[in-house]
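The structure file coords-v1.cif is reproduced below (mmCIF, N, CA and C atoms).
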data_model
loop_
_atom_site.label_atom_id
_atom_site.label_comp_id
_atom_site.auth_asym_id
_atom_site.auth_seq_id
_atom_site.Cartn_x
_atom_site.Cartn_y
_atom_site.Cartn_z
N MET A 1 39.56 -60.18 14.36
CA MET A 1 38.15 -59.83 14.37
C MET A 1 37.41 -60.52 13.23
N LYS A 2 38.07 -60.60 12.06
CA LYS A 2 37.40 -61.24 10.92
C LYS A 2 37.18 -62.73 11.18
N ASN A 3 38.13 -63.38 11.88
CA ASN A 3 37.97 -64.80 12.18
C ASN A 3 36.75 -65.04 13.06
N LYS A 4 36.51 -64.13 14.02
CA LYS A 4 35.33 -64.28 14.87
C LYS A 4 34.06 -64.18 14.03
N LYS A 5 34.03 -63.23 13.10
CA LYS A 5 32.84 -63.07 12.26
C LYS A 5 32.62 -64.30 11.38
N ILE A 6 33.71 -64.87 10.87
CA ILE A 6 33.59 -66.07 10.04
C ILE A 6 32.98 -67.21 10.85
N ILE A 7 33.40 -67.33 12.10
CA ILE A 7 32.85 -68.39 12.97
C ILE A 7 31.36 -68.18 13.15
N TRP A 8 30.94 -66.93 13.41
CA TRP A 8 29.52 -66.69 13.66
C TRP A 8 28.69 -66.84 12.38
N TYR A 9 29.24 -66.46 11.23
CA TYR A 9 28.52 -66.72 9.98
C TYR A 9 28.44 -68.23 9.73
N GLY A 10 29.47 -68.96 10.15
CA GLY A 10 29.43 -70.42 10.09
C GLY A 10 28.30 -70.97 10.95
N GLY A 11 28.01 -70.29 12.06
CA GLY A 11 26.88 -70.68 12.90
C GLY A 11 25.56 -70.55 12.16
N TYR A 12 25.42 -69.48 11.37
CA TYR A 12 24.21 -69.33 10.54
C TYR A 12 24.10 -70.50 9.55
N ILE A 13 25.22 -70.86 8.93
CA ILE A 13 25.21 -71.94 7.96
C ILE A 13 24.85 -73.27 8.64
N ALA A 14 25.44 -73.50 9.81
CA ALA A 14 25.13 -74.73 10.55
C ALA A 14 23.66 -74.76 10.95
N ALA A 15 23.11 -73.61 11.36
CA ALA A 15 21.69 -73.55 11.71
C ALA A 15 20.82 -73.87 10.50
N ALA A 16 21.21 -73.34 9.34
CA ALA A 16 20.45 -73.63 8.12
C ALA A 16 20.52 -75.12 7.77
N LEU A 17 21.69 -75.73 7.98
CA LEU A 17 21.82 -77.16 7.72
C LEU A 17 20.96 -77.98 8.67
N VAL A 18 20.87 -77.56 9.92
CA VAL A 18 20.02 -78.27 10.88
C VAL A 18 18.56 -78.20 10.46
N ILE A 19 18.12 -77.01 10.03
CA ILE A 19 16.73 -76.87 9.55
C ILE A 19 16.51 -77.76 8.33
N LEU A 20 17.49 -77.80 7.45
CA LEU A 20 17.38 -78.65 6.27
C LEU A 20 17.26 -80.12 6.66
N ILE A 21 18.02 -80.54 7.63
CA ILE A 21 17.94 -81.93 8.12
C ILE A 21 16.55 -82.21 8.68
N ILE A 22 16.01 -81.26 9.45
CA ILE A 22 14.68 -81.44 10.03
C ILE A 22 13.63 -81.60 8.94
N VAL A 23 13.73 -80.78 7.89
CA VAL A 23 12.71 -80.77 6.84
C VAL A 23 12.85 -81.99 5.93
N VAL A 24 14.06 -82.34 5.57
CA VAL A 24 14.28 -83.38 4.56
C VAL A 24 14.15 -84.79 5.14
N THR A 25 14.66 -85.00 6.34
CA THR A 25 14.65 -86.36 6.88
C THR A 25 13.36 -86.65 7.64
N ASP A 26 13.12 -87.93 7.83
CA ASP A 26 11.94 -88.37 8.57
C ASP A 26 12.39 -88.98 9.90
N LEU A 27 12.91 -88.12 10.76
CA LEU A 27 13.40 -88.58 12.06
C LEU A 27 12.25 -88.60 13.06
N PRO A 28 12.42 -89.31 14.16
CA PRO A 28 11.39 -89.31 15.21
C PRO A 28 11.20 -87.90 15.77
N GLU A 29 10.04 -87.68 16.40
CA GLU A 29 9.73 -86.36 16.93
C GLU A 29 10.74 -85.91 17.97
N VAL A 30 11.24 -86.83 18.76
CA VAL A 30 12.23 -86.48 19.79
C VAL A 30 13.50 -85.94 19.14
N ALA A 31 13.94 -86.59 18.06
CA ALA A 31 15.13 -86.13 17.36
C ALA A 31 14.88 -84.76 16.72
N ASP A 32 13.69 -84.57 16.14
CA ASP A 32 13.35 -83.27 15.56
C ASP A 32 13.34 -82.18 16.63
N ALA A 33 12.83 -82.51 17.81
CA ALA A 33 12.81 -81.53 18.89
C ALA A 33 14.23 -81.18 19.32
N GLY A 34 15.09 -82.18 19.42
CA GLY A 34 16.49 -81.93 19.77
C GLY A 34 17.19 -81.08 18.72
N LEU A 35 16.93 -81.39 17.45
CA LEU A 35 17.52 -80.59 16.36
C LEU A 35 16.97 -79.17 16.35
N ALA A 36 15.70 -79.01 16.70
CA ALA A 36 15.12 -77.67 16.77
C ALA A 36 15.79 -76.85 17.87
N ILE A 37 16.08 -77.49 18.99
CA ILE A 37 16.80 -76.80 20.07
C ILE A 37 18.20 -76.44 19.61
N LEU A 38 18.86 -77.37 18.92
CA LEU A 38 20.20 -77.09 18.38
C LEU A 38 20.15 -75.92 17.41
N PHE A 39 19.15 -75.88 16.54
CA PHE A 39 18.98 -74.76 15.62
C PHE A 39 18.85 -73.45 16.39
N ALA A 40 18.00 -73.44 17.42
CA ALA A 40 17.77 -72.22 18.18
C ALA A 40 19.06 -71.74 18.84
N VAL A 41 19.84 -72.67 19.38
CA VAL A 41 21.10 -72.30 20.03
C VAL A 41 22.08 -71.74 19.02
N LEU A 42 22.26 -72.43 17.90
CA LEU A 42 23.20 -71.97 16.87
C LEU A 42 22.82 -70.62 16.31
N PHE A 43 21.54 -70.49 15.95
CA PHE A 43 21.09 -69.23 15.34
C PHE A 43 21.18 -68.07 16.32
N SER A 44 20.70 -68.27 17.54
CA SER A 44 20.67 -67.15 18.48
C SER A 44 22.08 -66.74 18.91
N ALA A 45 22.96 -67.70 19.15
CA ALA A 45 24.33 -67.35 19.53
C ALA A 45 25.03 -66.60 18.41
N SER A 46 24.86 -67.07 17.19
CA SER A 46 25.48 -66.39 16.04
C SER A 46 24.91 -64.99 15.86
N HIS A 47 23.61 -64.88 15.92
CA HIS A 47 22.96 -63.59 15.68
C HIS A 47 23.32 -62.56 16.75
N VAL A 48 23.27 -62.97 18.00
CA VAL A 48 23.59 -62.03 19.09
C VAL A 48 25.05 -61.62 19.03
N SER A 49 25.94 -62.54 18.74
CA SER A 49 27.36 -62.19 18.67
C SER A 49 27.65 -61.23 17.52
N LEU A 50 27.07 -61.48 16.36
CA LEU A 50 27.27 -60.57 15.23
C LEU A 50 26.64 -59.21 15.51
N TRP A 51 25.48 -59.20 16.13
CA TRP A 51 24.81 -57.94 16.47
C TRP A 51 25.65 -57.14 17.47
N HIS A 52 26.20 -57.83 18.47
CA HIS A 52 27.04 -57.16 19.46
C HIS A 52 28.28 -56.55 18.80
N ASP A 53 28.94 -57.32 17.92
CA ASP A 53 30.11 -56.79 17.23
C ASP A 53 29.76 -55.56 16.40
N LYS A 54 28.62 -55.62 15.71
CA LYS A 54 28.18 -54.49 14.90
C LYS A 54 27.90 -53.26 15.77
N MET A 55 27.23 -53.48 16.89
CA MET A 55 26.92 -52.37 17.79
C MET A 55 28.21 -51.78 18.39
N MET A 56 29.19 -52.61 18.70
CA MET A 56 30.46 -52.12 19.24
C MET A 56 31.19 -51.25 18.22
N GLU A 57 31.06 -51.58 16.94
CA GLU A 57 31.73 -50.80 15.90
C GLU A 57 30.99 -49.51 15.59
N LYS A 58 29.66 -49.54 15.55
CA LYS A 58 28.90 -48.41 15.02
C LYS A 58 28.29 -47.50 16.07
N ASP A 59 27.91 -48.02 17.23
CA ASP A 59 27.20 -47.23 18.23
C ASP A 59 28.15 -46.86 19.36
N LYS A 60 28.54 -45.58 19.38
CA LYS A 60 29.52 -45.11 20.37
C LYS A 60 28.97 -45.22 21.80
N ASP A 61 27.70 -44.88 22.00
CA ASP A 61 27.10 -44.96 23.33
C ASP A 61 27.07 -46.40 23.84
N TYR A 62 26.74 -47.34 22.97
CA TYR A 62 26.71 -48.74 23.35
C TYR A 62 28.11 -49.21 23.76
N ARG A 63 29.10 -48.81 22.98
CA ARG A 63 30.49 -49.20 23.28
C ARG A 63 30.93 -48.65 24.63
N ILE A 64 30.60 -47.39 24.91
CA ILE A 64 30.97 -46.78 26.19
C ILE A 64 30.28 -47.52 27.32
N GLU A 65 29.00 -47.85 27.14
CA GLU A 65 28.24 -48.54 28.19
C GLU A 65 28.83 -49.93 28.47
N VAL A 66 29.20 -50.64 27.42
CA VAL A 66 29.76 -51.98 27.58
C VAL A 66 31.14 -51.92 28.24
N MET A 67 31.94 -50.95 27.86
CA MET A 67 33.31 -50.86 28.35
C MET A 67 33.44 -50.09 29.66
N ASP A 68 32.34 -49.60 30.22
CA ASP A 68 32.36 -48.85 31.47
C ASP A 68 32.89 -49.74 32.60
N GLU A 69 33.83 -49.21 33.38
CA GLU A 69 34.47 -50.00 34.44
C GLU A 69 33.47 -50.47 35.49
N ARG A 70 32.50 -49.62 35.81
CA ARG A 70 31.50 -49.99 36.81
C ARG A 70 30.68 -51.18 36.32
N ASN A 71 30.25 -51.14 35.06
CA ASN A 71 29.46 -52.24 34.50
C ASN A 71 30.29 -53.52 34.43
N ILE A 72 31.57 -53.40 34.11
CA ILE A 72 32.44 -54.58 34.06
C ILE A 72 32.58 -55.19 35.45
N ALA A 73 32.75 -54.34 36.46
CA ALA A 73 32.86 -54.84 37.84
C ALA A 73 31.56 -55.53 38.27
N ILE A 74 30.42 -54.95 37.90
CA ILE A 74 29.12 -55.56 38.24
C ILE A 74 28.99 -56.93 37.58
N LYS A 75 29.37 -57.03 36.30
CA LYS A 75 29.29 -58.31 35.60
C LYS A 75 30.20 -59.35 36.23
N GLU A 76 31.41 -58.95 36.61
CA GLU A 76 32.33 -59.89 37.25
C GLU A 76 31.79 -60.38 38.58
N LYS A 77 31.26 -59.46 39.38
CA LYS A 77 30.72 -59.84 40.68
C LYS A 77 29.49 -60.74 40.51
N ALA A 78 28.62 -60.39 39.57
CA ALA A 78 27.44 -61.22 39.31
C ALA A 78 27.85 -62.61 38.83
N GLY A 79 28.87 -62.68 37.99
CA GLY A 79 29.36 -63.97 37.52
C GLY A 79 29.91 -64.82 38.65
N ASN A 80 30.65 -64.20 39.57
CA ASN A 80 31.19 -64.94 40.71
C ASN A 80 30.08 -65.46 41.62
N ILE A 81 29.09 -64.62 41.89
CA ILE A 81 27.96 -65.04 42.74
C ILE A 81 27.17 -66.15 42.06
N THR A 82 26.95 -66.01 40.76
CA THR A 82 26.23 -67.04 40.00
C THR A 82 26.98 -68.36 40.04
N ASN A 83 28.30 -68.31 39.91
CA ASN A 83 29.11 -69.53 39.98
C ASN A 83 28.95 -70.21 41.33
N MET A 84 28.98 -69.43 42.42
CA MET A 84 28.81 -70.03 43.75
C MET A 84 27.43 -70.66 43.90
N ILE A 85 26.40 -69.99 43.39
CA ILE A 85 25.04 -70.54 43.47
C ILE A 85 24.94 -71.83 42.67
N ASN A 86 25.52 -71.85 41.46
CA ASN A 86 25.50 -73.06 40.65
C ASN A 86 26.22 -74.21 41.34
N MET A 87 27.35 -73.94 41.96
CA MET A 87 28.07 -74.98 42.68
C MET A 87 27.23 -75.54 43.82
N THR A 88 26.56 -74.66 44.56
CA THR A 88 25.70 -75.10 45.66
C THR A 88 24.55 -75.95 45.14
N LEU A 89 23.91 -75.51 44.06
CA LEU A 89 22.80 -76.27 43.49
C LEU A 89 23.26 -77.63 42.98
N LEU A 90 24.43 -77.69 42.35
CA LEU A 90 24.94 -78.97 41.88
C LEU A 90 25.21 -79.91 43.06
N GLY A 91 25.73 -79.37 44.14
CA GLY A 91 25.95 -80.19 45.33
C GLY A 91 24.65 -80.71 45.91
N ILE A 92 23.64 -79.85 45.99
CA ILE A 92 22.34 -80.26 46.52
C ILE A 92 21.70 -81.33 45.62
N ILE A 93 21.79 -81.11 44.32
CA ILE A 93 21.22 -82.09 43.39
C ILE A 93 21.95 -83.42 43.48
N THR A 94 23.27 -83.37 43.64
CA THR A 94 24.05 -84.61 43.78
C THR A 94 23.61 -85.39 45.02
N VAL A 95 23.46 -84.69 46.13
CA VAL A 95 23.02 -85.36 47.36
C VAL A 95 21.61 -85.91 47.19
N ALA A 96 20.72 -85.15 46.54
CA ALA A 96 19.36 -85.62 46.31
C ALA A 96 19.36 -86.89 45.46
N PHE A 97 20.20 -86.92 44.41
CA PHE A 97 20.30 -88.12 43.57
C PHE A 97 20.80 -89.32 44.38
N ILE A 98 21.75 -89.07 45.26
CA ILE A 98 22.27 -90.17 46.09
C ILE A 98 21.17 -90.71 46.99
N PHE A 99 20.40 -89.83 47.62
CA PHE A 99 19.32 -90.28 48.50
C PHE A 99 18.24 -91.04 47.73
N MET A 100 18.03 -90.71 46.47
CA MET A 100 17.02 -91.40 45.66
C MET A 100 17.57 -92.63 44.97
N ASP A 101 18.83 -92.98 45.26
CA ASP A 101 19.51 -94.13 44.65
C ASP A 101 19.66 -94.01 43.14
N TYR A 102 19.80 -92.79 42.65
CA TYR A 102 20.12 -92.55 41.24
C TYR A 102 21.63 -92.33 41.16
N ILE A 103 22.36 -93.40 41.07
CA ILE A 103 23.81 -93.33 41.18
C ILE A 103 24.46 -92.67 39.96
N ILE A 104 24.03 -93.05 38.76
CA ILE A 104 24.64 -92.50 37.54
C ILE A 104 24.44 -90.98 37.47
N PRO A 105 23.22 -90.46 37.64
CA PRO A 105 23.07 -89.00 37.65
C PRO A 105 23.87 -88.33 38.77
N ALA A 106 23.96 -88.99 39.93
CA ALA A 106 24.75 -88.44 41.03
C ALA A 106 26.22 -88.34 40.65
N ILE A 107 26.71 -89.35 39.93
CA ILE A 107 28.11 -89.31 39.47
C ILE A 107 28.31 -88.15 38.50
N PHE A 108 27.38 -88.00 37.55
CA PHE A 108 27.51 -86.91 36.58
C PHE A 108 27.50 -85.54 37.25
N THR A 109 26.54 -85.32 38.12
CA THR A 109 26.48 -83.99 38.77
C THR A 109 27.65 -83.79 39.72
N GLY A 110 28.08 -84.85 40.39
CA GLY A 110 29.24 -84.75 41.26
C GLY A 110 30.51 -84.41 40.49
N VAL A 111 30.68 -85.05 39.34
CA VAL A 111 31.85 -84.74 38.50
C VAL A 111 31.77 -83.30 38.00
N MET A 112 30.57 -82.86 37.60
CA MET A 112 30.42 -81.46 37.17
C MET A 112 30.78 -80.50 38.29
N ALA A 113 30.35 -80.80 39.50
CA ALA A 113 30.66 -79.94 40.64
C ALA A 113 32.15 -79.96 40.95
N ALA A 114 32.81 -81.09 40.74
CA ALA A 114 34.24 -81.19 41.02
C ALA A 114 35.08 -80.54 39.92
N VAL A 115 34.61 -80.60 38.68
CA VAL A 115 35.38 -80.07 37.56
C VAL A 115 35.23 -78.55 37.44
N GLN A 116 34.12 -78.01 37.88
CA GLN A 116 33.87 -76.58 37.72
C GLN A 116 34.96 -75.70 38.35
N PRO A 117 35.44 -75.96 39.57
CA PRO A 117 36.52 -75.13 40.10
C PRO A 117 37.82 -75.26 39.29
N VAL A 118 38.08 -76.45 38.77
CA VAL A 118 39.27 -76.63 37.93
C VAL A 118 39.17 -75.78 36.67
N ILE A 119 38.00 -75.79 36.06
CA ILE A 119 37.79 -74.96 34.87
C ILE A 119 37.95 -73.49 35.22
N LEU A 120 37.43 -73.07 36.36
CA LEU A 120 37.58 -71.69 36.82
C LEU A 120 39.05 -71.31 36.95
N ILE A 121 39.84 -72.19 37.54
CA ILE A 121 41.27 -71.91 37.71
C ILE A 121 41.96 -71.82 36.35
N LEU A 122 41.66 -72.75 35.44
CA LEU A 122 42.29 -72.73 34.12
C LEU A 122 41.93 -71.47 33.34
N VAL A 123 40.65 -71.10 33.37
CA VAL A 123 40.22 -69.90 32.65
C VAL A 123 40.84 -68.65 33.27
N SER A 124 40.89 -68.60 34.61
CA SER A 124 41.50 -67.45 35.28
C SER A 124 42.96 -67.31 34.91
N ASN A 125 43.69 -68.42 34.91
CA ASN A 125 45.11 -68.37 34.51
C ASN A 125 45.28 -67.94 33.08
N SER A 126 44.41 -68.41 32.21
CA SER A 126 44.47 -68.03 30.80
C SER A 126 44.24 -66.53 30.62
N ILE A 127 43.22 -66.02 31.31
CA ILE A 127 42.90 -64.60 31.21
C ILE A 127 44.05 -63.77 31.79
N GLU A 128 44.62 -64.24 32.90
CA GLU A 128 45.73 -63.51 33.54
C GLU A 128 46.92 -63.42 32.61
N LYS A 129 47.22 -64.50 31.88
CA LYS A 129 48.35 -64.49 30.95
C LYS A 129 48.09 -63.54 29.78
N ASN A 130 46.85 -63.42 29.35
CA ASN A 130 46.51 -62.57 28.20
C ASN A 130 46.49 -61.10 28.57
N MET A 131 46.36 -60.77 29.85
CA MET A 131 46.27 -59.36 30.26
C MET A 131 47.62 -58.75 30.47
#
Written as structure tokens, that's how I'd like the structure from this file.
Amino acid sequence: MKNKKIIWYGGYIAAALVILIIVVTDLPEVADAGLAILFAVLFSASHVSLWHDKMMEKDKDYRIEVMDERNIAIKEKAGNITNMINMTLLGIITVAFIFMDYIIPAIFTGVMAAVQPVILILVSNSIEKNM
């Protein structure tokens, strides 16, 4: 548990370094915008994860709600449906790119659509071994 907290506090440090880079350097606006997005991702992921861990430790009602079997089943089902929708959208986007003669984006989205089931299988096997 402490290792997870160290990682998330490291996220705060990385976010601070990104802000420092934005302020100190004279990068183009596009690079600053990209770094600002990176800052937002690092800070929000770190903050939400630390907040969740704190709530799990201190708030008994929150812990019960998160660990409730019905809520877990709903999250799993929603995740599976979302995965199917994402796969369908990636397929549609790949076909649209092919029709518009955008070959490189079609290759990227096609590879993403092909790799996603493999990732699902690997993650499922990993979770199964840990349970």
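Reported to one decimal place, the separation of atom N of Ala106 of chain A from atom C of Thr94 of chain A is 6.2 Å.
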Review point. Separation of atom CA of Met87 of chain A and atom CA of Val118 of chain A, in Å?
Key: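 Atom-to-atom, atom CA of Met87 of chain A and atom CA of Val118 of chain A are spaced 12.3 Å apart.
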Point to revise | Residue IDs satisfying the PyMOL selection byres (((chain A and resi 38 and name CA) around 12) and name CA), as a list in words | key: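 What the PyMOL selection byres (((chain A and resi 38 and name CA) around 12) and name CA) grabs from the file is Gly11, Tyr12, Ala14, Ala15, Ala16, Leu17, Val18, Ile19, Ile21, Ile22, Ala31, Asp32, Ala33, Gly34, Leu35, Ala36, Ile37, Phe39, Ala40, Val41, Leu42, Phe43, Ser44 and Ala45 of chain A.
Between atom CA of Ile74 of chain A and atom C of Leu122 of chain A lies a distance of 21.0 Å.
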Check your understanding: So which one's closest to Val95 of chain A, A:Ile7, A:Gly110, A:Asn130, A:His52? Using only N, CA and C atoms, please.
Key ->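 Between A:Ile7, A:Gly110, A:Asn130, A:His52, the residue approaching Val95 of chain A most closely is A:Gly110.
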Practice item. Find the residues around Phe108 of chain A up to 12 Å (only C-alpha atoms counted), leave out those fewer than 3 positions away in its own chain, and share them as a ChimeraX atom specification. Key: /A:90-91,93-95,97-98,102-105,111-115
Report, as AutoDock Vina command-line options, the axis-aligned box around all atoms of segment 65-73 of chain A present in the file, extended by 3 Å on each side; give centre and edge lengths in Å to one decimal place.
--center_x 31.4 --center_y -51.7 --center_z 32.7 --size_x 12.2 --size_y 13.7 --size_z 17.1
